[in-house]
>>> print(open('model33.cif').read())   # mmCIF, C-alpha atoms and all ligand atoms
data_coords
#
loop_
_atom_site.label_atom_id
_atom_site.label_comp_id
_atom_site.auth_asym_id
_atom_site.auth_seq_id
_atom_site.Cartn_x
_atom_site.Cartn_y
_atom_site.Cartn_z
CA MET E 1342 15.84 11.58 -30.10
CA LYS E 1343 14.97 8.11 -28.99
CA ASP E 1344 16.41 8.81 -25.55
CA ILE E 1345 14.74 12.17 -25.35
CA LEU E 1346 11.44 10.60 -26.32
CA LYS E 1347 11.87 7.86 -23.74
CA ASN E 1348 12.68 10.43 -21.09
CA ASN E 1349 9.75 12.52 -22.19
CA ASN E 1350 7.48 9.53 -21.94
CA ARG E 1351 8.72 8.67 -18.50
CA TYR E 1352 8.36 12.27 -17.40
CA PHE E 1353 4.82 12.45 -18.62
CA SER E 1354 3.83 9.03 -17.36
CA ILE E 1355 4.93 9.97 -13.83
CA PHE E 1356 2.73 13.03 -13.97
CA SER E 1357 -0.19 11.32 -15.64
CA ASP E 1358 0.00 8.61 -12.97
CA LEU E 1359 0.00 11.11 -10.12
CA PRO E 1360 -3.77 11.02 -9.63
CA LEU E 1361 -3.65 7.22 -9.30
CA ILE E 1362 -0.75 7.42 -6.83
CA LEU E 1363 -2.72 10.00 -4.86
CA ILE E 1364 -5.85 7.85 -4.92
CA ILE E 1365 -3.94 4.80 -3.65
CA PHE E 1366 -2.30 6.90 -0.95
CA LEU E 1367 -5.60 8.43 0.14
CA THR E 1368 -7.31 5.03 0.08
CA LEU E 1369 -4.59 3.47 2.23
CA TYR E 1370 -4.72 6.47 4.54
CA SER E 1371 -8.47 6.14 4.90
CA VAL E 1372 -8.15 2.38 5.57
CA ASP E 1373 -5.72 3.24 8.35
CA THR E 1374 -8.08 5.86 9.78
CA GLN E 1375 -11.02 3.49 9.65
CA SER E 1376 -9.05 0.79 11.44
CA GLN E 1377 -10.19 2.60 14.58
CA ASN E 1378 -13.30 0.41 14.28
CA LEU E 1379 -11.22 -2.56 15.37
CA VAL E 1380 -11.40 -3.73 18.98
CA ASP E 1381 -8.27 -2.15 20.42
CA ARG E 1382 -9.45 -0.45 23.62
CA ILE E 1383 -11.06 -2.57 26.28
CA VAL E 1384 -12.30 -1.42 29.66
CA ILE E 1385 -12.08 -3.97 32.47
CA ASP E 1386 -14.37 -2.90 35.28
CA ALA E 1387 -13.85 -4.62 38.62
CA GLY E 1388 -17.11 -4.05 40.48
CA HIS E 1389 -17.38 -2.32 43.87
CA GLY E 1390 -14.27 -1.42 45.93
CA GLY E 1391 -13.35 0.68 48.95
CA LYS E 1392 -16.34 1.33 51.20
CA ASP E 1393 -18.47 -0.86 48.90
CA PRO E 1394 -17.55 -4.52 49.48
CA GLY E 1395 -20.30 -5.84 47.18
CA ALA E 1396 -21.55 -9.32 48.03
CA SER E 1397 -19.99 -11.20 50.92
CA GLY E 1398 -19.39 -14.92 51.31
CA LYS E 1399 -18.33 -16.78 54.42
CA HIS E 1400 -14.66 -16.19 53.64
CA SER E 1401 -14.72 -13.66 50.86
CA ARG E 1402 -15.75 -10.24 49.66
CA GLU E 1403 -16.87 -9.61 46.09
CA LYS E 1404 -14.66 -6.52 45.69
CA ASP E 1405 -11.46 -8.54 46.32
CA ILE E 1406 -12.30 -11.49 44.06
CA VAL E 1407 -13.44 -9.36 41.13
CA LEU E 1408 -10.37 -7.10 41.38
CA SER E 1409 -8.04 -10.08 41.33
CA ILE E 1410 -9.77 -11.66 38.32
CA ALA E 1411 -10.03 -8.29 36.53
CA LEU E 1412 -6.28 -7.71 36.89
CA LYS E 1413 -5.49 -11.25 35.72
CA THR E 1414 -7.76 -10.80 32.68
CA GLY E 1415 -6.15 -7.46 31.81
CA LYS E 1416 -2.69 -8.99 32.19
CA LEU E 1417 -3.55 -11.78 29.74
CA ILE E 1418 -4.83 -9.22 27.23
CA ASN E 1419 -1.72 -7.06 27.61
CA GLU E 1420 0.57 -10.05 27.19
CA ASN E 1421 -1.20 -11.65 24.24
CA LEU E 1422 -3.13 -9.00 22.34
CA LYS E 1423 -0.41 -6.45 21.69
CA ASP E 1424 -2.65 -4.09 19.73
CA VAL E 1425 -5.13 -3.78 22.59
CA ASN E 1426 -5.01 -1.08 25.22
CA VAL E 1427 -6.52 -2.18 28.55
CA ILE E 1428 -8.20 0.46 30.68
CA TYR E 1429 -9.10 -0.43 34.27
CA THR E 1430 -11.79 1.46 36.16
CA ARG E 1431 -9.86 0.53 39.29
CA LYS E 1432 -6.62 -1.33 40.00
CA THR E 1433 -6.77 -1.01 43.77
CA ASP E 1434 -9.31 -1.25 46.57
CA VAL E 1435 -11.04 2.10 45.98
CA PHE E 1436 -14.66 3.16 45.71
CA ILE E 1437 -15.62 4.26 42.19
CA PRO E 1438 -19.18 5.56 41.58
CA LEU E 1439 -21.11 3.77 38.81
CA ASN E 1440 -21.36 6.99 36.78
CA THR E 1441 -17.59 7.44 36.97
CA ARG E 1442 -17.04 3.90 35.68
CA ALA E 1443 -19.23 4.66 32.66
CA LYS E 1444 -17.46 7.99 32.18
CA ILE E 1445 -14.04 6.31 32.19
CA ALA E 1446 -15.22 3.94 29.46
CA ASN E 1447 -16.94 6.64 27.38
CA ASN E 1448 -14.08 9.15 27.66
CA SER E 1449 -11.52 6.56 26.63
CA LYS E 1450 -13.65 5.77 23.55
CA ALA E 1451 -13.40 2.10 24.42
CA ASP E 1452 -14.59 -0.62 22.05
CA LEU E 1453 -15.68 -3.00 24.80
CA PHE E 1454 -16.81 -2.70 28.40
CA ILE E 1455 -16.46 -5.75 30.64
CA SER E 1456 -17.86 -5.42 34.14
CA ILE E 1457 -16.90 -8.20 36.55
CA HIS E 1458 -19.02 -9.11 39.58
CA CYS E 1459 -19.98 -11.95 41.90
CA ASN E 1460 -23.50 -13.03 42.66
CA SER E 1461 -25.14 -13.71 45.99
CA ASN E 1462 -28.39 -15.18 47.21
CA THR E 1463 -30.18 -15.54 50.53
CA SER E 1464 -30.09 -19.29 49.88
CA SER E 1465 -26.76 -21.11 49.62
CA GLN E 1466 -28.16 -23.38 46.89
CA PRO E 1467 -27.88 -21.27 43.70
CA LYS E 1468 -24.51 -21.59 42.01
CA GLY E 1469 -22.93 -20.90 38.66
CA SER E 1470 -22.04 -18.04 36.36
CA GLU E 1471 -24.29 -15.69 34.41
CA THR E 1472 -23.46 -13.02 31.86
CA TYR E 1473 -25.79 -10.09 31.51
CA VAL E 1474 -26.51 -7.73 28.67
CA MET E 1475 -28.42 -4.51 29.11
CA GLY E 1476 -32.13 -4.97 28.56
CA MET E 1477 -35.48 -5.86 29.96
CA HIS E 1478 -35.40 -8.39 32.81
CA LYS E 1479 -37.32 -11.53 31.96
CA SER E 1480 -37.54 -12.76 35.54
CA LYS E 1481 -37.77 -11.39 39.06
CA ALA E 1482 -34.44 -13.06 39.83
CA ASN E 1483 -32.69 -11.14 37.03
CA LEU E 1484 -34.22 -7.88 38.24
CA GLU E 1485 -32.97 -8.63 41.75
CA VAL E 1486 -29.40 -9.12 40.48
CA ALA E 1487 -29.53 -5.74 38.73
CA MET E 1488 -31.05 -4.06 41.79
CA LEU E 1489 -28.34 -5.48 44.01
CA GLU E 1490 -25.57 -4.25 41.71
CA ASN E 1491 -27.23 -0.87 41.19
CA SER E 1492 -27.57 -0.42 44.96
CA ALA E 1493 -23.90 0.71 45.04
CA ILE E 1494 -25.42 4.05 44.02
CA LEU E 1495 -26.91 4.39 47.52
CA LEU E 1496 -23.39 4.72 48.94
CA GLU E 1497 -23.00 8.06 47.18
CA ASP E 1498 -24.05 11.24 49.00
CA ASP E 1499 -25.73 13.03 46.10
CA TYR E 1500 -27.09 10.03 44.27
CA LYS E 1501 -30.54 11.58 43.82
CA ILE E 1502 -28.98 14.46 41.86
CA ASN E 1503 -26.26 12.49 40.09
CA TYR E 1504 -28.49 9.62 38.99
CA GLU E 1505 -31.35 11.61 37.49
CA GLY E 1506 -33.67 10.76 40.39
CA PHE E 1507 -33.15 7.03 39.87
CA ASP E 1508 -33.76 5.01 43.03
CA PRO E 1509 -31.95 1.65 42.80
CA SER E 1510 -34.14 0.18 45.53
CA SER E 1511 -37.34 0.77 43.57
CA THR E 1512 -38.56 -1.96 41.20
CA GLU E 1513 -40.74 0.63 39.42
CA ASN E 1514 -37.68 2.77 38.75
CA HIS E 1515 -36.09 -0.14 36.89
CA ILE E 1516 -38.87 0.07 34.29
CA ILE E 1517 -36.93 2.91 32.58
CA PHE E 1518 -34.50 0.30 31.31
CA ASN E 1519 -37.29 -1.47 29.42
CA PHE E 1520 -37.48 1.42 26.99
CA PHE E 1521 -33.76 1.42 26.39
CA GLN E 1522 -32.81 0.72 22.78
CA ASN E 1523 -29.36 -0.78 22.62
CA SER E 1524 -27.68 -0.36 19.26
CA PHE E 1525 -25.00 -2.91 20.19
CA GLN E 1526 -27.30 -5.68 21.32
CA SER E 1527 -26.12 -8.25 18.78
CA GLN E 1528 -22.48 -7.62 19.76
CA ASN E 1529 -23.43 -7.73 23.46
CA LEU E 1530 -25.20 -11.05 23.02
CA ASP E 1531 -22.38 -12.45 20.92
CA LEU E 1532 -19.78 -11.59 23.54
CA ALA E 1533 -21.98 -12.74 26.45
CA THR E 1534 -22.61 -16.08 24.75
CA THR E 1535 -18.89 -16.53 24.07
CA VAL E 1536 -18.07 -15.79 27.73
CA GLN E 1537 -20.62 -18.33 28.98
CA SER E 1538 -19.45 -21.03 26.59
CA GLN E 1539 -15.87 -20.42 27.75
CA PHE E 1540 -16.97 -20.76 31.40
CA LYS E 1541 -18.78 -23.98 30.53
CA ARG E 1542 -15.79 -25.49 28.73
CA ASN E 1543 -12.85 -24.21 30.75
CA THR E 1544 -13.95 -23.56 34.33
CA ALA E 1545 -15.61 -25.41 37.18
CA VAL E 1546 -18.56 -23.02 37.50
CA ARG E 1547 -21.96 -24.03 36.20
CA ASP E 1548 -23.23 -22.21 33.12
CA ARG E 1549 -26.47 -20.42 34.02
CA GLY E 1550 -26.62 -18.73 30.63
CA VAL E 1551 -26.93 -15.26 29.14
CA LYS E 1552 -29.49 -12.94 30.69
CA SER E 1553 -30.65 -9.37 30.47
CA ALA E 1554 -31.52 -6.78 33.10
CA GLY E 1555 -31.19 -3.06 33.76
CA PHE E 1556 -27.69 -2.37 35.05
CA TRP E 1557 -26.95 1.32 35.47
CA VAL E 1558 -23.32 0.91 34.41
CA LEU E 1559 -24.33 -0.77 31.12
CA TYR E 1560 -27.10 1.79 30.66
CA LYS E 1561 -24.59 4.64 30.75
CA THR E 1562 -21.79 3.16 28.66
CA THR E 1563 -21.80 3.92 24.94
CA MET E 1564 -20.08 0.82 23.55
CA PRO E 1565 -20.79 -2.92 23.48
CA GLY E 1566 -20.66 -4.18 27.04
CA ILE E 1567 -21.51 -7.03 29.36
CA LEU E 1568 -21.72 -7.64 33.09
CA ILE E 1569 -20.36 -10.97 34.28
CA GLU E 1570 -21.52 -12.64 37.48
CA LEU E 1571 -18.68 -15.10 38.06
CA GLY E 1572 -20.50 -17.24 40.59
CA PHE E 1573 -22.35 -17.17 43.91
CA LEU E 1574 -20.34 -16.22 46.98
CA SER E 1575 -23.34 -17.49 48.96
CA ASN E 1576 -22.61 -20.99 47.62
CA PRO E 1577 -19.66 -22.70 49.36
CA ILE E 1578 -18.48 -24.54 46.22
CA ASP E 1579 -18.51 -21.44 44.01
CA GLU E 1580 -16.92 -19.38 46.78
CA ALA E 1581 -14.06 -21.82 47.35
CA TYR E 1582 -13.39 -22.03 43.62
CA LEU E 1583 -13.46 -18.25 43.13
CA LEU E 1584 -11.16 -17.77 46.12
CA SER E 1585 -8.64 -20.31 44.83
CA LYS E 1586 -5.72 -19.31 42.64
CA LYS E 1587 -6.62 -22.04 40.16
CA GLY E 1588 -10.24 -20.88 40.00
CA GLN E 1589 -9.27 -17.24 39.51
CA ASN E 1590 -6.74 -18.13 36.80
CA GLN E 1591 -9.28 -20.28 34.97
CA MET E 1592 -12.00 -17.61 35.16
CA ALA E 1593 -9.59 -14.91 33.93
CA LYS E 1594 -8.36 -17.16 31.11
CA ALA E 1595 -11.96 -17.93 30.08
CA ILE E 1596 -12.89 -14.22 29.97
CA TYR E 1597 -9.69 -13.47 28.04
CA ASN E 1598 -10.42 -16.28 25.53
CA ALA E 1599 -13.92 -14.92 24.98
CA ILE E 1600 -12.59 -11.39 24.41
CA LYS E 1601 -9.99 -12.74 21.99
CA ASP E 1602 -12.62 -14.75 20.07
CA TYR E 1603 -14.96 -11.77 19.94
CA LYS E 1604 -12.15 -9.46 18.78
CA THR E 1605 -10.95 -11.91 16.11
CA LYS E 1606 -14.46 -12.30 14.72
CA HIS E 1607 -15.36 -8.62 14.98
CA ASP E 1608 -12.08 -7.39 13.47
CA ALA E 1609 -12.29 -9.89 10.59
CA LEU E 1610 -15.77 -8.59 9.74
CA GLU E 1611 -14.58 -4.99 9.96
CA LEU E 1612 -11.60 -5.68 7.69
CA GLN E 1613 -13.86 -7.52 5.25
CA LYS E 1614 -16.18 -4.50 5.16
CA LEU E 1615 -13.17 -2.22 4.67
CA SER E 1616 -11.64 -4.32 1.90
CA LYS E 1617 -14.98 -4.39 0.08
CA THR E 1618 -15.13 -0.60 0.31
CA THR E 1619 -11.49 -0.36 -0.73
CA ASP E 1620 -12.00 -2.72 -3.69
CA ARG E 1621 -14.98 -0.69 -4.79
CA THR E 1622 -13.02 2.55 -4.45
CA LEU E 1623 -10.05 1.13 -6.32
CA ASN E 1624 -12.23 -0.33 -9.08
CA THR E 1625 -13.98 2.99 -9.54
CA ASN E 1626 -10.65 4.74 -9.61
CA ILE E 1627 -9.17 2.26 -12.06
CA ASN E 1628 -12.20 2.73 -14.32
CA SER E 1629 -11.92 6.48 -14.20
CA LYS E 1630 -8.17 6.08 -14.65
CA LYS E 1631 -8.84 3.98 -17.77
CA ASN E 1632 -10.81 6.88 -19.15
CA GLU E 1633 -7.90 9.16 -18.44
CA LYS E 1634 -5.67 6.71 -20.31
CA VAL E 1635 -7.45 7.76 -23.48
CA SER E 1636 -5.20 10.33 -25.06
CA PHE E 1637 -5.68 12.40 -28.16
CA ARG E 1638 -2.72 13.48 -30.25
CA VAL E 1639 -2.17 15.03 -33.67
CA GLN E 1640 -0.31 12.72 -36.04
CA PHE E 1641 1.75 14.58 -38.61
CA LEU E 1642 4.27 12.05 -39.95
CA SER E 1643 4.79 8.31 -40.53
CA LEU E 1644 8.19 6.74 -41.16
CA ALA E 1645 9.38 3.19 -41.73
CA THR E 1646 12.39 3.77 -39.48
CA GLU E 1647 12.55 5.91 -36.40
CA LYS E 1648 14.78 8.93 -36.79
CA LYS E 1649 15.51 12.19 -35.10
CA LEU E 1650 13.42 14.99 -36.56
CA THR E 1651 15.53 18.01 -37.41
CA GLY E 1652 14.42 21.28 -38.90
CA LYS E 1653 12.79 24.50 -37.74
CA LYS E 1654 9.28 23.37 -38.67
CA TYR E 1655 9.38 20.64 -36.05
CA ASN E 1656 10.51 23.06 -33.33
CA LYS E 1657 7.08 24.70 -33.37
CA LEU E 1658 5.31 21.44 -32.58
CA PRO E 1659 4.64 20.85 -28.90
CA ASN E 1660 5.27 17.54 -27.15
CA ILE E 1661 6.50 15.36 -30.01
CA LYS E 1662 6.13 11.62 -29.37
CA THR E 1663 6.23 8.44 -31.41
CA TYR E 1664 4.21 5.28 -31.35
CA PHE E 1665 4.51 2.16 -33.47
CA HIS E 1666 1.45 1.17 -35.45
CA LYS E 1667 1.01 -1.22 -38.41
CA GLY E 1668 4.73 -1.43 -39.14
CA MET E 1669 5.39 2.31 -39.11
CA TYR E 1670 6.72 4.85 -36.65
CA ARG E 1671 4.06 7.48 -36.22
CA TYR E 1672 5.02 10.96 -35.07
CA THR E 1673 2.55 12.96 -33.05
CA SER E 1674 2.30 16.33 -31.41
CA GLY E 1675 0.29 17.14 -28.31
CA ASP E 1676 -1.09 14.69 -25.82
CA THR E 1677 -4.33 15.48 -24.09
CA HIS E 1678 -7.42 13.91 -22.63
CA ASN E 1679 -9.46 16.84 -23.92
CA TYR E 1680 -10.91 16.33 -27.41
CA ASN E 1681 -11.63 20.03 -28.09
CA GLU E 1682 -8.08 20.91 -27.15
CA ILE E 1683 -6.65 18.46 -29.70
CA ILE E 1684 -8.94 19.77 -32.46
CA ASN E 1685 -7.56 23.28 -31.81
CA LEU E 1686 -4.02 21.92 -31.94
CA GLN E 1687 -4.80 20.09 -35.21
CA THR E 1688 -5.87 23.41 -36.77
CA LYS E 1689 -2.64 25.10 -35.63
CA ILE E 1690 -0.45 22.23 -36.89
CA ARG E 1691 -2.19 22.22 -40.28
CA LYS E 1692 -1.65 26.00 -40.51
CA ALA E 1693 2.02 25.44 -39.66
CA GLY E 1694 2.43 23.45 -42.89
CA PHE E 1695 1.41 19.91 -41.98
CA LYS E 1696 -1.74 19.92 -44.10
CA ASP E 1697 -2.41 16.20 -43.70
CA ALA E 1698 -2.08 16.18 -39.90
CA PHE E 1699 -4.97 14.46 -38.19
CA VAL E 1700 -6.19 13.62 -34.73
CA ILE E 1701 -5.65 10.13 -33.40
CA ALA E 1702 -6.85 8.47 -30.22
CA LEU E 1703 -4.77 6.11 -28.11
CA TYR E 1704 -5.90 3.88 -25.29
CA ASN E 1705 -3.11 2.60 -23.05
CA GLY E 1706 -0.71 3.27 -25.92
CA GLN E 1707 -2.83 1.38 -28.49
CA ARG E 1708 -4.49 3.15 -31.39
CA ILE E 1709 -8.27 3.19 -31.24
CA SER E 1710 -10.87 4.98 -33.31
CA ILE E 1711 -11.69 8.60 -32.50
CA ALA E 1712 -15.30 7.59 -31.88
CA LYS E 1713 -14.24 4.98 -29.33
CA GLY E 1714 -11.80 7.41 -27.71
CA ARG E 1715 -14.51 10.02 -27.34
CA LYS E 1716 -16.96 7.46 -26.00
CA LEU E 1717 -14.47 6.07 -23.47
CA SER E 1718 -13.58 9.53 -22.27
CA GLY E 1719 -17.20 10.64 -22.24
CA GLN E 1720 -16.78 13.43 -24.80
ZN ZN V 1 -21.34 -6.72 42.14
#
>>> encode(input="model33.cif", output="C-alpha cells")
Amino acid sequence: MKDILKNNNRYFSIFSDLPLILIIFLTLYSVDTQSQNLVDRIVIDAGHGGKDPGASGKHSREKDIVLSIALKTGKLINENLKDVNVIYTRKTDVFIPLNTRAKIANNSKADLFISIHCNSNTSSQPKGSETYVMGMHKSKANLEVAMLENSAILLEDDYKINYEGFDPSSTENHIIFNFFQNSFQSQNLDLATTVQSQFKRNTAVRDRGVKSAGFWVLYKTTMPGILIELGFLSNPIDEAYLLSKKGQNQMAKAIYNAIKDYKTKHDALELQKLSKTTDRTLNTNINSKKNEKVSFRVQFLSLATEKKLTGKKYNKLPNIKTYFHKGMYRYTSGDTHNYNEIINLQTKIRKAGFKDAFVIALYNGQRISIAKGRKLSGQ
C-alpha cells in the first residue's frame, strides 16, 4: 500500500505540476522569441559606388575609401560578434540608389543602419570626422553636407517619381526633414556619440562631434541609424590618413568598437527588461500555483501506524491517500482544488458508511484550516 500510495502521489504530482511546467516552457519560449530585440542584424552601407564616385580628393575617391572601410568593419563584426549578421548594401563598386539602400535595411529587419561616407569642402582647411543623426540641421554647413550626400539621387533617371518629388538641390525641400519625428533618436545619439568618442581616442582624425541633418537614406530607414563622415578628402592630412592601410584599419576598428559598445549596452538593457517581465510572470505563476497547491480531501480514518486498507468498503473510495499529522496517519479520499466538489464527495463517503468523514484542507502537504484553504483558493 505504501508503494502504491507513493506511486499514486508521484503520478498525481506530475500531473498537478503540468501547468507549472507548461508555464515555464512558455515563458522560456517567449523569452527566446523576444530575444529578437537584441542587436543581431547590422546593415553596413558604403556610400556611393559605380557611376557615383561621391567626393573626390587629390588622390582618392569617396566610393573606394568608404567601401574598403565598410568591408573591414563588417569583417571585424563577423569575426568577433558571432551572433550578429552583417548585411552590406554593396560589397563591390556598383551604383545603389538611396531608396534601395533603405529598402535593403528595412527588408532585412535590421537593428542598426550604419552609413559610411567621406566629407569634402571647397576649402582644404576643414578636417576631422562627424557623425550625423537624422534631424533638423542646426547650421548651414550641416545642411550642405546632407545636400551633397542626397545629391546622389540626381544620378537616377526617374528620381522625381521615385523620391516623392524631393529635389536634393533645393534647400527648401530639405525643410520636410524638420518635421520628421524619429522614434529612435536616443539610440541614434547614443551610437553617434560612441562612434565619435572612439574616433577621438583611437584614430588620427579630429573629432568634430555629433550633428544632425536631413539625409534621405536615414529618413527612409526604419531602425536606429547614423551616417558617418570619416574625414575630409579635400584636406590633405585627412585624405592621406584615410587612404593609408593603417588609417583605414583604425577607422574600421573604431566603428566596430562603437557598434560593440552600443550592442553590449543595448542588449543588456533588453535582457534586463526581459528578466523583469519574466520574474513578474514567474512570480504571478508561482502565486497562482500556490493557490492550486491548496487541496481539499475527505478524511475518513486515522491510525497510529500506517497499514494497507483491505475490505470492500474501501474499494468504493476514490483516490485514497495518507498524510501524517499530529502523530497519526490520516487516510483521505479525493483530492481536489474545488471546494464544492469535495463537499459532494463528503456526502457520498458519509452515505457509504463513514459517518464521521470530514473535509480537510492541505497546503503544500500541510494541514490548514478549511477557512484558510478556501481563502487561499479564492472560494
Ligand atoms: Zn558620401
>>> atom_distance(input="model33.cif", atom1="atom CA of E:Ser1470", atom2="atom CA of E:Glu1513")
26.6 Å
>>> residues_near_ligand(input="model33.cif", ligand="ligand ZN 1 (chain V)", cutoff="7 Å", atoms="all atoms listed in the file", output="mmCIF file with C-alpha atoms, keeping the file's coordinate frame")
data_model
loop_
_atom_site.group_PDB
_atom_site.id
_atom_site.type_symbol
_atom_site.label_atom_id
_atom_site.label_comp_id
_atom_site.auth_asym_id
_atom_site.auth_seq_id
_atom_site.Cartn_x
_atom_site.Cartn_y
_atom_site.Cartn_z
ATOM 1 C CA GLY E 1388 -17.110 -4.050 40.480
ATOM 2 C CA HIS E 1389 -17.380 -2.320 43.870
ATOM 3 C CA GLY E 1395 -20.300 -5.840 47.180
ATOM 4 C CA ALA E 1396 -21.550 -9.320 48.030
ATOM 5 C CA GLU E 1403 -16.870 -9.610 46.090
ATOM 6 C CA HIS E 1458 -19.020 -9.110 39.580
ATOM 7 C CA CYS E 1459 -19.980 -11.950 41.900
ATOM 8 C CA ASN E 1460 -23.500 -13.030 42.660
ATOM 9 C CA GLU E 1490 -25.570 -4.250 41.710
#
>>> residues_around(input="model33.cif", residues="stretch 1570-1587 of chain E", least_positions_apart="2", cutoff="9 Å", atoms="all atoms listed in the file", output="number ranges by chain")
E: 1396-1403, 1406-1407, 1410, 1456-1473, 1540, 1545-1547, 1568, 1589-1592
>>> axis_aligned_box(input="model33.cif", around="stretch 1682-1686 of chain E", padding_each_side="6 Å", output="AutoDock Vina command-line options")
--center_x -6.5 --center_y 20.9 --center_z -29.8 --size_x 16.9 --size_y 16.8 --size_z 17.3
>>> closest_atom_pairs(input="model33.cif", of="stretch 1451-1507 of chain E", to="stretch 1600-1604 of chain E", cutoff="10 Å", atoms="all atoms listed in the file", output="Markdown table")
| residue | atom | partner | partner_atom | distance |
| --- | --- | --- | --- | --- |
| E:Asp1452 | CA | E:Lys1604 | CA | 9.7 |
| E:Leu1453 | CA | E:Ile1600 | CA | 8.9 |
| E:Ile1455 | CA | E:Ile1600 | CA | 9.3 |
>>> residues_around(input="model33.cif", residues="stretch 1682-1695 of chain E", least_positions_apart="2", cutoff="9 Å", atoms="all atoms listed in the file", output="list in words")
Phe1637, Arg1638, Val1639, Gln1640, Phe1641, Leu1642, Lys1654, Lys1657, Leu1658, Ser1674, Gly1675, Asp1676, Thr1677, His1678, Asn1679, Tyr1680, Asp1697, Ala1698, Phe1699 and Val1700 of chain E
>>> atom_distance(input="model33.cif", atom1="atom CA of E:Gln1528", atom2="atom CA of E:Thr1605")
12.8 Å
>>> closest_residue(input="model33.cif", among="E:Asp1608, E:Glu1647, E:Glu1485, E:Glu1505", to="E:Asn1378", atoms="only C-alpha atoms")
E:Asp1608
>>> atom_distance(input="model33.cif", atom1="atom CA of E:Pro1565", atom2="atom CA of E:Asn1519")
17.6 Å
>>> residues_near_point(input="model33.cif", point="(-3.5, 4.8, -22.5)", cutoff="7 Å", atoms="only C-alpha atoms", output="count of residues only")
8
>>> closest_residue(input="model33.cif", among="E:Ile1502, E:Val1435, E:Ala1487, E:Met1564", to="E:Val1380", atoms="all atoms listed in the file")
E:Met1564
>>> closest_residue(input="model33.cif", among="E:Leu1496, E:Asn1491, E:Ala1482, E:Ala1593", to="E:Ile1385", atoms="all atoms listed in the file")
E:Ala1593
>>> closest_residue(input="model33.cif", among="E:Asn1598, E:Leu1644, E:Val1474, E:Leu1615", to="E:Asn1421", atoms="all atoms listed in the file")
E:Asn1598
>>> closest_residue(input="model33.cif", among="E:Ile1517, E:Gln1526, E:Ala1599, E:Gly1476", to="E:Ser1538", atoms="only C-alpha atoms")
E:Ala1599
>>> closest_residue(input="model33.cif", among="E:Lys1561, E:His1607, E:Arg1549, E:Lys1541", to="E:Tyr1504", atoms="only C-alpha atoms")
E:Lys1561
>>> build_atoms(input="model33.cif", residues="stretch 1464-1468 of chain E", atoms="all heavy atoms", output="PDB file, in the frame of the given file")
ATOM      1  N   SER E1464     -30.268 -17.841  49.748  1.00  0.00           N
ATOM      2  CA  SER E1464     -30.090 -19.290  49.880  1.00  0.00           C
ATOM      3  C   SER E1464     -28.675 -19.657  49.430  1.00  0.00           C
ATOM      4  O   SER E1464     -28.108 -19.007  48.547  1.00  0.00           O
ATOM      5  CB  SER E1464     -31.117 -20.013  48.993  1.00  0.00           C
ATOM      6  OG  SER E1464     -30.678 -21.321  48.704  1.00  0.00           O
ATOM      7  N   SER E1465     -28.109 -20.707  50.028  1.00  0.00           N
ATOM      8  CA  SER E1465     -26.760 -21.110  49.620  1.00  0.00           C
ATOM      9  C   SER E1465     -26.804 -22.081  48.441  1.00  0.00           C
ATOM     10  O   SER E1465     -25.771 -22.524  47.954  1.00  0.00           O
ATOM     11  CB  SER E1465     -26.032 -21.751  50.811  1.00  0.00           C
ATOM     12  OG  SER E1465     -26.704 -22.948  51.179  1.00  0.00           O
ATOM     13  N   GLN E1466     -28.011 -22.402  47.976  1.00  0.00           N
ATOM     14  CA  GLN E1466     -28.160 -23.380  46.890  1.00  0.00           C
ATOM     15  C   GLN E1466     -27.713 -22.866  45.508  1.00  0.00           C
ATOM     16  O   GLN E1466     -26.964 -23.558  44.815  1.00  0.00           O
ATOM     17  CB  GLN E1466     -29.626 -23.858  46.804  1.00  0.00           C
ATOM     18  CG  GLN E1466     -30.067 -24.713  47.991  1.00  0.00           C
ATOM     19  CD  GLN E1466     -29.191 -25.943  48.200  1.00  0.00           C
ATOM     20  OE1 GLN E1466     -28.939 -26.699  47.264  1.00  0.00           O
ATOM     21  NE2 GLN E1466     -28.700 -26.127  49.426  1.00  0.00           N
ATOM     22  N   PRO E1467     -28.209 -21.687  45.078  1.00  0.00           N
ATOM     23  CA  PRO E1467     -27.880 -21.270  43.700  1.00  0.00           C
ATOM     24  C   PRO E1467     -26.370 -21.177  43.492  1.00  0.00           C
ATOM     25  O   PRO E1467     -25.644 -20.662  44.346  1.00  0.00           O
ATOM     26  CB  PRO E1467     -28.528 -19.894  43.575  1.00  0.00           C
ATOM     27  CG  PRO E1467     -29.543 -19.834  44.644  1.00  0.00           C
ATOM     28  CD  PRO E1467     -29.019 -20.680  45.767  1.00  0.00           C
ATOM     29  N   LYS E1468     -25.932 -21.684  42.351  1.00  0.00           N
ATOM     30  CA  LYS E1468     -24.510 -21.590  42.010  1.00  0.00           C
ATOM     31  C   LYS E1468     -24.358 -21.482  40.494  1.00  0.00           C
ATOM     32  O   LYS E1468     -25.256 -21.850  39.734  1.00  0.00           O
ATOM     33  CB  LYS E1468     -23.740 -22.788  42.549  1.00  0.00           C
ATOM     34  CG  LYS E1468     -24.237 -24.126  42.040  1.00  0.00           C
ATOM     35  CD  LYS E1468     -23.352 -25.244  42.547  1.00  0.00           C
ATOM     36  CE  LYS E1468     -23.814 -26.577  41.975  1.00  0.00           C
ATOM     37  NZ  LYS E1468     -22.939 -27.668  42.324  1.00  0.00           N
TER      38      LYS E1468
END
